[in-house]
file entry-v6.csv (CSV, C-alpha atoms)
chain,number,residue,atom,x,y,z
A,1,MET,CA,-40.6,-43.2,104.8
A,2,GLU,CA,-42.0,-41.8,101.6
A,3,LYS,CA,-39.1,-39.4,101.2
A,4,SER,CA,-36.6,-42.2,101.6
A,5,VAL,CA,-38.2,-44.2,98.8
A,6,ARG,CA,-38.0,-41.3,96.5
A,7,LEU,CA,-34.4,-40.6,97.2
A,8,TYR,CA,-33.6,-44.3,96.7
A,9,PHE,CA,-35.4,-44.2,93.3
A,10,ALA,CA,-33.5,-41.1,92.2
A,11,LEU,CA,-30.1,-42.7,93.1
A,12,GLN,CA,-31.1,-45.7,91.0
A,13,VAL,CA,-31.9,-43.5,88.0
A,14,ILE,CA,-28.6,-41.7,88.3
A,15,PHE,CA,-26.8,-45.1,88.4
A,16,ILE,CA,-28.6,-46.3,85.3
A,17,VAL,CA,-27.9,-43.1,83.3
A,18,HIS,CA,-24.3,-43.1,84.3
A,19,VAL,CA,-23.8,-46.8,83.3
A,20,TYR,CA,-26.1,-47.2,80.3
A,21,GLY,CA,-26.9,-43.7,79.1
A,22,ILE,CA,-30.8,-44.6,79.4
A,23,VAL,CA,-33.4,-42.3,80.7
A,24,PRO,CA,-36.1,-44.3,82.5
A,25,VAL,CA,-39.6,-43.1,82.9
A,26,GLU,CA,-42.1,-44.3,85.4
A,27,ALA,CA,-44.6,-46.8,84.0
A,28,GLY,CA,-47.7,-45.2,82.6
A,29,ALA,CA,-46.1,-41.8,82.6
A,30,ALA,CA,-46.0,-39.5,79.5
A,31,GLN,CA,-42.8,-38.8,77.5
A,32,PRO,CA,-40.9,-36.0,79.1
A,33,LEU,CA,-41.4,-32.6,77.7
A,34,ALA,CA,-38.7,-30.1,76.8
A,35,ARG,CA,-37.1,-28.4,79.7
A,36,SER,CA,-38.8,-25.1,79.1
A,37,GLN,CA,-42.2,-26.8,78.7
A,38,ARG,CA,-41.8,-29.0,81.8
A,39,ASN,CA,-40.8,-26.1,84.0
A,40,THR,CA,-43.7,-24.0,82.8
A,41,ALA,CA,-46.5,-26.7,82.7
A,42,ASN,CA,-45.7,-28.6,85.9
A,43,ASN,CA,-44.1,-25.9,87.9
A,44,SER,CA,-41.1,-28.2,88.1
A,45,SER,CA,-37.6,-27.5,89.4
A,46,GLU,CA,-34.2,-28.7,88.1
A,47,THR,CA,-31.2,-29.6,90.2
A,48,ASP,CA,-27.5,-29.0,89.2
A,49,ALA,CA,-27.3,-32.8,88.5
A,50,GLY,CA,-29.9,-32.4,85.6
A,51,ILE,CA,-32.7,-34.2,87.7
A,52,THR,CA,-36.1,-32.6,87.3
A,53,THR,CA,-38.7,-33.2,90.0
A,54,CYS,CA,-42.3,-32.3,89.3
A,55,THR,CA,-44.8,-31.3,91.9
A,56,ASN,CA,-46.7,-34.5,91.3
A,57,GLY,CA,-43.7,-36.5,92.4
A,58,GLU,CA,-42.4,-37.6,89.0
A,59,VAL,CA,-38.7,-37.5,88.5
A,60,PHE,CA,-37.1,-36.9,85.1
A,61,LEU,CA,-33.4,-37.1,84.2
A,62,ARG,CA,-32.0,-35.1,81.2
A,63,GLY,CA,-30.2,-37.3,78.7
A,64,ARG,CA,-27.1,-36.7,76.7
A,65,ASP,CA,-27.1,-34.7,73.5
A,66,GLY,CA,-27.7,-36.8,70.4
A,67,ARG,CA,-25.3,-37.3,67.6
A,68,ASP,CA,-25.1,-34.8,64.7
A,69,GLY,CA,-27.5,-35.6,61.9
A,70,ALA,CA,-26.5,-36.3,58.3
A,71,PRO,CA,-25.9,-33.2,56.2
A,72,GLY,CA,-29.0,-32.0,54.3
A,73,ARG,CA,-29.2,-31.7,50.6
A,74,ASP,CA,-27.9,-28.7,48.7
A,75,GLY,CA,-30.5,-25.9,48.4
A,76,LEU,CA,-31.6,-24.5,45.1
A,77,PRO,CA,-29.3,-21.9,43.4
A,78,GLY,CA,-29.9,-18.4,44.5
A,79,VAL,CA,-30.8,-15.5,42.2
A,80,PRO,CA,-27.8,-14.1,40.3
A,81,GLY,CA,-26.5,-10.9,41.9
A,82,VAL,CA,-26.2,-7.5,40.3
A,83,ALA,CA,-23.2,-7.1,38.1
A,84,GLY,CA,-20.4,-5.1,39.8
A,85,ARG,CA,-18.9,-1.9,38.5
A,86,ASP,CA,-16.1,-1.9,35.9
A,87,GLY,CA,-12.7,-1.8,37.4
A,88,LYS,CA,-10.3,1.1,36.8
A,89,ASP,CA,-8.0,1.1,33.9
A,90,GLY,CA,-4.6,-0.4,34.6
A,91,GLU,CA,-1.4,1.6,34.3
A,92,ARG,CA,0.0,2.0,30.8
A,93,GLY,CA,2.6,-0.6,29.9
A,94,VAL,CA,6.1,0.1,28.8
A,95,ILE,CA,6.5,0.9,25.1
A,96,GLY,CA,7.9,-2.1,23.2
A,97,PRO,CA,10.8,-2.1,20.8
A,98,GLU,CA,10.4,-0.7,17.3
A,99,GLY,CA,9.3,-3.2,14.8
A,100,ALA,CA,10.9,-4.1,11.5
A,101,GLN,CA,10.2,-1.9,8.5
A,102,GLY,CA,7.4,-3.1,6.3
A,103,PRO,CA,7.6,-3.8,2.6
A,104,SER,CA,7.4,-0.9,0.2
A,105,GLY,CA,4.0,0.1,-1.1
A,106,PRO,CA,3.0,0.1,-4.8
A,107,PRO,CA,4.2,2.9,-7.0
A,108,GLY,CA,2.1,6.1,-6.9
A,109,PRO,CA,0.4,7.6,-9.9
A,110,VAL,CA,2.7,8.8,-12.7
A,111,SER,CA,2.7,12.5,-13.3
A,112,GLY,CA,5.0,15.0,-15.0
A,113,GLY,CA,8.0,13.7,-16.9
A,114,ALA,CA,9.5,14.8,-20.1
A,115,VAL,CA,8.6,14.4,-23.8
A,116,TYR,CA,10.9,14.3,-26.8
A,117,ILE,CA,10.9,13.3,-30.5
A,118,ARG,CA,13.1,10.5,-31.8
A,119,TRP,CA,13.7,11.5,-35.5
A,120,GLY,CA,14.2,8.8,-38.0
A,121,ARG,CA,12.7,5.9,-35.9
A,122,THR,CA,9.2,4.5,-35.2
A,123,THR,CA,10.0,3.2,-31.7
A,124,CYS,CA,11.4,4.7,-28.5
A,125,PRO,CA,14.7,3.7,-26.9
A,126,ASP,CA,14.8,0.8,-24.6
A,127,VAL,CA,15.5,2.9,-21.5
A,128,GLY,CA,13.8,2.5,-18.2
A,129,GLY,CA,10.8,4.8,-17.7
A,130,THR,CA,10.5,5.7,-21.5
A,131,GLU,CA,7.4,4.8,-23.4
A,132,LEU,CA,6.0,5.4,-26.9
A,133,VAL,CA,3.3,8.1,-27.2
A,134,TYR,CA,2.8,7.6,-30.9
A,135,ALA,CA,4.8,7.0,-34.1
A,136,GLY,CA,4.4,9.1,-37.2
A,137,ARG,CA,6.0,10.9,-40.2
A,138,ALA,CA,8.4,13.8,-40.2
A,139,ALA,CA,7.0,16.9,-41.9
A,140,GLY,CA,7.8,20.6,-42.6
A,141,THR,CA,7.6,23.5,-45.0
A,142,HIS,CA,8.9,23.0,-48.6
A,143,PHE,CA,12.6,23.5,-48.7
A,144,HIS,CA,12.7,26.5,-51.1
A,145,LYS,CA,9.7,28.5,-49.7
A,146,LEU,CA,10.8,31.5,-47.8
A,147,GLY,CA,7.6,31.7,-45.8
A,148,GLY,CA,6.0,29.0,-43.7
A,149,ALA,CA,7.4,27.5,-40.5
A,150,SER,CA,11.0,26.7,-39.7
A,151,ASN,CA,10.4,23.8,-37.3
A,152,TYR,CA,9.8,20.2,-38.2
A,153,LEU,CA,6.7,18.3,-36.9
A,154,CYS,CA,6.1,14.6,-36.1
A,155,MET,CA,2.7,14.0,-37.8
A,156,PRO,CA,0.6,11.1,-36.7
A,157,GLU,CA,-0.1,8.3,-39.1
A,158,VAL,CA,-3.9,8.9,-39.0
A,159,PRO,CA,-4.9,12.5,-38.6
A,160,GLU,CA,-8.2,13.8,-37.3
A,161,TYR,CA,-10.2,16.7,-38.8
A,162,GLN,CA,-12.9,18.8,-37.2
A,163,GLY,CA,-14.5,22.0,-38.3
A,164,SER,CA,-12.8,22.1,-41.7
A,165,VAL,CA,-14.1,23.9,-44.8
A,166,ALA,CA,-13.7,22.2,-48.1
A,167,GLY,CA,-11.3,23.8,-50.5
A,168,ASN,CA,-7.5,24.2,-50.7
A,169,GLN,CA,-6.4,27.8,-49.8
A,170,GLY,CA,-2.7,26.9,-50.4
A,171,TYR,CA,-1.1,29.6,-48.2
A,172,SER,CA,0.7,27.4,-45.8
A,173,ASN,CA,1.6,23.9,-46.9
A,174,LEU,CA,2.9,20.9,-45.0
A,175,HIS,CA,5.3,18.4,-46.7
A,176,GLY,CA,7.0,15.2,-45.8
A,177,VAL,CA,10.7,15.2,-45.1
A,178,GLU,CA,13.2,13.3,-47.2
A,179,TYR,CA,16.7,12.3,-46.3
A,180,GLU,CA,18.9,14.3,-48.7
A,181,ALA,CA,22.5,13.2,-49.4
A,182,PRO,CA,23.3,13.9,-53.1
A,183,LEU,CA,27.0,14.1,-52.5
A,184,GLY,CA,27.3,11.0,-50.3
A,185,GLY,CA,27.8,10.8,-46.5
A,186,VAL,CA,26.2,8.8,-43.7
A,187,LEU,CA,22.7,9.4,-45.2
A,188,SER,CA,23.6,8.2,-48.7
A,189,PRO,CA,21.8,4.8,-48.3
A,190,LYS,CA,18.6,6.6,-47.3
A,191,HIS,CA,18.8,9.4,-50.0
A,192,ASP,CA,15.3,10.5,-51.2
A,193,HIS,CA,13.5,8.3,-48.7
A,194,ASN,CA,11.0,9.8,-46.3
A,195,ALA,CA,11.8,10.0,-42.6
A,196,PRO,CA,9.6,8.5,-39.8
A,197,CYS,CA,9.5,9.8,-36.2
A,198,ALA,CA,8.4,8.7,-32.7
A,199,VAL,CA,7.2,10.8,-29.8
A,200,CYS,CA,8.4,9.4,-26.5
A,201,HIS,CA,7.5,10.1,-22.9
A,202,VAL,CA,9.8,9.7,-19.9
A,203,SER,CA,7.8,9.3,-16.7
A,204,THR,CA,10.7,9.0,-14.2
A,205,ARG,CA,12.6,12.1,-15.4
A,206,ALA,CA,11.4,15.7,-15.7
A,207,ALA,CA,13.7,17.4,-18.3
A,208,ALA,CA,14.8,16.6,-21.8
A,209,LEU,CA,17.9,18.0,-23.6
A,210,MET,CA,19.2,17.8,-27.1
A,211,LEU,CA,22.9,18.0,-26.8
A,212,PRO,CA,24.7,18.9,-30.2
A,213,GLY,CA,28.3,17.8,-30.8
A,214,ARG,CA,28.2,14.9,-28.3
A,215,VAL,CA,27.1,11.2,-28.3
A,216,SER,CA,27.1,11.0,-24.5
A,217,CYS,CA,25.2,12.9,-21.7
A,218,PRO,CA,26.5,15.0,-18.8
A,219,MET,CA,26.9,13.4,-15.5
A,220,SER,CA,23.6,12.4,-13.8
A,221,TRP,CA,21.7,12.6,-17.1
A,222,THR,CA,20.3,9.6,-18.9
A,223,LEU,CA,21.1,9.0,-22.6
A,224,GLU,CA,17.9,8.3,-24.6
A,225,TYR,CA,19.6,8.1,-28.0
A,226,SER,CA,22.4,9.6,-30.1
A,227,GLY,CA,22.7,10.4,-33.7
A,228,TYR,CA,23.5,13.1,-36.3
A,229,LEU,CA,22.6,16.7,-36.2
A,230,VAL,CA,20.3,17.6,-39.3
A,231,SER,CA,18.6,20.6,-40.7
A,232,GLY,CA,17.6,22.2,-44.1
A,233,ALA,CA,20.4,23.1,-46.5
A,234,ASP,CA,22.1,26.5,-46.5
A,235,ARG,CA,24.3,26.2,-49.6
A,236,TYR,CA,21.5,27.4,-51.9
A,237,ASN,CA,20.0,30.9,-51.7
A,238,ASN,CA,16.5,29.6,-52.3
A,239,HIS,CA,16.4,27.2,-49.3
A,240,LYS,CA,14.7,28.4,-46.2
A,241,ARG,CA,16.0,28.2,-42.6
A,242,THR,CA,14.9,25.3,-40.4
A,243,THR,CA,15.6,24.2,-36.8
A,244,PHE,CA,18.3,21.7,-35.9
A,245,GLU,CA,17.1,18.3,-34.9
A,246,CYS,CA,18.8,15.1,-33.7
A,247,LEU,CA,18.4,12.2,-36.2
A,248,ASP,CA,18.9,8.7,-34.8
A,249,MET,CA,22.2,7.1,-35.5
A,250,ASN,CA,20.5,4.2,-37.4
A,251,PRO,CA,17.6,5.9,-39.2
A,252,GLU,CA,14.8,4.0,-40.8
A,253,SER,CA,12.8,5.1,-43.8
A,254,ILE,CA,9.0,4.8,-44.5
A,255,PRO,CA,8.5,1.7,-46.7
A,256,GLY,CA,7.7,2.6,-50.3
A,257,SER,CA,8.6,6.2,-49.9
A,258,PHE,CA,11.6,6.3,-52.3
A,259,ALA,CA,11.0,9.1,-54.8
A,260,ASN,CA,12.8,12.4,-55.7
A,261,ILE,CA,9.9,14.6,-54.8
A,262,GLU,CA,12.1,17.2,-53.0
A,263,PRO,CA,9.6,18.5,-50.3
A,264,ALA,CA,11.3,19.3,-47.0
A,265,PHE,CA,14.8,17.9,-46.3
A,266,PHE,CA,17.0,16.5,-43.6
A,267,TYR,CA,20.7,17.3,-44.4
A,268,THR,CA,23.5,16.3,-42.1
A,269,VAL,CA,25.4,19.2,-40.5
A,270,GLU,CA,29.2,19.9,-40.7
A,271,ALA,CA,31.2,22.5,-38.8
A,272,VAL,CA,33.0,25.3,-40.6
A,273,CYS,CA,36.5,26.0,-39.3
A,274,GLY,CA,37.7,29.5,-38.6
A,275,THR,CA,34.2,31.0,-37.9
A,276,GLY,CA,34.4,30.7,-34.1
A,277,LEU,CA,34.5,26.9,-34.2
A,278,PRO,CA,38.2,25.8,-33.8
A,279,CYS,CA,39.5,22.9,-35.8
A,280,PRO,CA,40.5,20.8,-33.9
A,281,PRO,CA,38.7,19.8,-31.9
A,282,TYR,CA,35.9,20.3,-34.6
A,283,ASP,CA,36.4,18.7,-38.0
A,284,ARG,CA,35.2,20.0,-41.3
A,285,GLU,CA,35.2,16.5,-42.8
A,286,LYS,CA,32.9,14.9,-40.3
A,287,GLU,CA,29.2,15.1,-39.6
A,288,VAL,CA,28.3,16.7,-36.3
A,289,ASN,CA,26.8,14.2,-33.8
A,290,CYS,CA,24.1,14.8,-31.2
A,291,ALA,CA,22.6,13.2,-28.1
A,292,VAL,CA,19.1,13.4,-26.5
A,293,CYS,CA,19.4,13.3,-22.7
A,294,THR,CA,16.8,13.3,-19.9
A,295,LYS,CA,17.0,14.0,-16.1
call {"tool": "encode", "arguments": {"input": "entry-v6.csv", "output": "structure tokens"}}
result
Amino acid sequence: MEKSVRLYFALQVIFIVHVYGIVPVEAGAAQPLARSQRNTANNSSETDAGITTCTNGEVFLRGRDGRDGAPGRDGLPGVPGVAGRDGKDGERGVIGPEGAQGPSGPPGPVSGGAVYIRWGRTTCPDVGGTELVYAGRAAGTHFHKLGGASNYLCMPEVPEYQGSVAGNQGYSNLHGVEYEAPLGGVLSPKHDHNAPCAVCHVSTRAAALMLPGRVSCPMSWTLEYSGYLVSGADRYNNHKRTTFECLDMNPESIPGSFANIEPAFFYTVEAVCGTGLPCPPYDREKEVNCAVCTK
């Protein structure tokens, strides 16, 4: 009889669980333990239908799994990991097209060049690359002294002296140069006036040439100035020899220098026919021209 009651009760529990999903417990009984705890504590046994029967006669039915709980809050940030190793260098890319040429750099320092004297002027020609070094006065040895120097000098306006001894020894003397044209000619307006001079430097060309008998320069040379060939006189036996120089075509004179002092002279030069200079093309009646060229 007792076994029939228990079976009836078990069938009722199964019906209630199946219909309502409720797990009943006998009145006064404790809450059911976990399966592992019940099996161990009460020496219980569990059927395939999920019904647990204890030795004391209590019957338990395992309920359905509960719903998933709400997600928990985010945990605290973890400790930063150790930095990884540097990656390998990538492959070299393709060389790009050549860029446009950049602007030219500033001019380099000036060196070298050529120097010449412009006789009869105090300025240098207005030619690219030419600049005035200094302006001065033409000077040379007295015209009738057989000794002394044969060349002309361009003396600066303000000389400097160092290590000199007072007293005039008078063995070699320097004189100013006068334009001399007693018989007329292109220098007649400047007769008995002293001649100035200018020392010029050409930074962009390396050579200077005085070209006699021409007023133009050879091809690829630059004309600095043209003028008349001058020297000391050779018609008098007591006149000394001098060098030939190129006097500017439009000579100036030193202001206030007009006087017949007769120191050193600039005479214009004329060709003598029949002495190796054919006429024509040379002309006995014309002053010989000249040109100063640089390259």
call {"tool": "atom_distance", "arguments": {"input": "entry-v6.csv", "atom1": "atom CA of Pro251 of chain A", "atom2": "atom CA of Thr123 of chain A"}}
result
11.0 Å
call {"tool": "residues_near_point", "arguments": {"input": "entry-v6.csv", "point": "(11.6, 26.0, -39.7)", "cutoff": "7 Å", "atoms": "only C-alpha atoms", "output": "PyMOL selection string"}}
result
chain A and resi 149-152+241-243
call {"tool": "closest_atom_pairs", "arguments": {"input": "entry-v6.csv", "of": "segment 58-158 of chain A", "to": "segment 196-205 of chain A", "cutoff": "8 Å", "atoms": "all atoms listed in the file", "output": "Markdown table"}}
result
| residue | atom | partner | partner_atom | distance |
| --- | --- | --- | --- | --- |
| A:Val110 | CA | A:Ser203 | CA | 6.5 |
| A:Ser111 | CA | A:Ser203 | CA | 6.9 |
| A:Gly112 | CA | A:Ser203 | CA | 6.6 |
| A:Gly113 | CA | A:Ser203 | CA | 4.4 |
| A:Ala114 | CA | A:Val202 | CA | 5.1 |
| A:Val115 | CA | A:His201 | CA | 4.5 |
| A:Tyr116 | CA | A:Cys200 | CA | 5.5 |
| A:Ile117 | CA | A:Val199 | CA | 4.5 |
| A:Arg118 | CA | A:Ala198 | CA | 5.1 |
| A:Trp119 | CA | A:Cys197 | CA | 4.6 |
| A:Gly120 | CA | A:Pro196 | CA | 4.9 |
| A:Arg121 | CA | A:Cys197 | CA | 5.1 |
| A:Thr122 | CA | A:Ala198 | CA | 5.0 |
| A:Thr123 | CA | A:Ala198 | CA | 5.8 |
| A:Cys124 | CA | A:Cys200 | CA | 5.9 |
| A:Gly129 | CA | A:Val202 | CA | 5.5 |
| A:Thr130 | CA | A:Val202 | CA | 4.4 |
| A:Glu131 | CA | A:His201 | CA | 5.3 |
| A:Leu132 | CA | A:Cys200 | CA | 4.7 |
| A:Val133 | CA | A:Cys200 | CA | 5.3 |
| A:Tyr134 | CA | A:Val199 | CA | 5.6 |
| A:Ala135 | CA | A:Ala198 | CA | 4.2 |
| A:Gly136 | CA | A:Cys197 | CA | 5.2 |
| A:Arg137 | CA | A:Pro196 | CA | 4.3 |
| A:Ala138 | CA | A:Pro196 | CA | 5.4 |
| A:Cys154 | CA | A:Cys197 | CA | 5.9 |
call {"tool": "write_last_selection", "arguments": {"input": "entry-v6.csv", "atoms": "C-alpha atoms", "output": "mmCIF file, in the coordinates of the input"}}
result
data_model
loop_
_atom_site.group_PDB
_atom_site.id
_atom_site.type_symbol
_atom_site.label_atom_id
_atom_site.label_comp_id
_atom_site.auth_asym_id
_atom_site.auth_seq_id
_atom_site.Cartn_x
_atom_site.Cartn_y
_atom_site.Cartn_z
ATOM 1 C CA VAL A 110 2.700 8.800 -12.700
ATOM 2 C CA SER A 111 2.700 12.500 -13.300
ATOM 3 C CA GLY A 112 5.000 15.000 -15.000
ATOM 4 C CA GLY A 113 8.000 13.700 -16.900
ATOM 5 C CA ALA A 114 9.500 14.800 -20.100
ATOM 6 C CA VAL A 115 8.600 14.400 -23.800
ATOM 7 C CA TYR A 116 10.900 14.300 -26.800
ATOM 8 C CA ILE A 117 10.900 13.300 -30.500
ATOM 9 C CA ARG A 118 13.100 10.500 -31.800
ATOM 10 C CA TRP A 119 13.700 11.500 -35.500
ATOM 11 C CA GLY A 120 14.200 8.800 -38.000
ATOM 12 C CA ARG A 121 12.700 5.900 -35.900
ATOM 13 C CA THR A 122 9.200 4.500 -35.200
ATOM 14 C CA THR A 123 10.000 3.200 -31.700
ATOM 15 C CA CYS A 124 11.400 4.700 -28.500
ATOM 16 C CA GLY A 129 10.800 4.800 -17.700
ATOM 17 C CA THR A 130 10.500 5.700 -21.500
ATOM 18 C CA GLU A 131 7.400 4.800 -23.400
ATOM 19 C CA LEU A 132 6.000 5.400 -26.900
ATOM 20 C CA VAL A 133 3.300 8.100 -27.200
ATOM 21 C CA TYR A 134 2.800 7.600 -30.900
ATOM 22 C CA ALA A 135 4.800 7.000 -34.100
ATOM 23 C CA GLY A 136 4.400 9.100 -37.200
ATOM 24 C CA ARG A 137 6.000 10.900 -40.200
ATOM 25 C CA ALA A 138 8.400 13.800 -40.200
ATOM 26 C CA CYS A 154 6.100 14.600 -36.100
#
call {"tool": "closest_residue", "arguments": {"input": "entry-v6.csv", "among": "A:Ala233, A:Ala195, A:Glu245, A:Gly227", "to": "Ser257 of chain A", "atoms": "only C-alpha atoms"}}
result
A:Ala195
call {"tool": "closest_residue", "arguments": {"input": "entry-v6.csv", "among": "A:Leu76, A:Val165, A:Cys217, A:Val177", "to": "Ala291 of chain A", "atoms": "only C-alpha atoms"}}
result
A:Cys217
call {"tool": "atom_distance", "arguments": {"input": "entry-v6.csv", "atom1": "atom CA of Asn260 of chain A", "atom2": "atom CA of Gln169 of chain A"}}
result
25.3 Å
call {"tool": "atom_distance", "arguments": {"input": "entry-v6.csv", "atom1": "atom CA of Val272 of chain A", "atom2": "atom CA of Leu183 of chain A"}}
result
17.4 Å
call {"tool": "residues_around", "arguments": {"input": "entry-v6.csv", "residues": "Ser188 of chain A", "least_positions_apart": "4", "cutoff": "12 Å", "atoms": "only C-alpha atoms", "output": "list in words"}}
result
Glu178, Tyr179, Glu180, Ala181, Pro182, Leu183, Gly184, Asp192, His193, Pro251, Phe266, Tyr267 and Thr268 of chain A
call {"tool": "closest_residue", "arguments": {"input": "entry-v6.csv", "among": "A:Phe143, A:Tyr282, A:Phe265, A:Phe244", "to": "Met210 of chain A", "atoms": "only C-alpha atoms"}}
result
A:Phe244
call {"tool": "closest_residue", "arguments": {"input": "entry-v6.csv", "among": "A:Asp74, A:Asp248, A:Glu160, A:Asp68", "to": "Glu224 of chain A", "atoms": "only C-alpha atoms"}}
result
A:Asp248
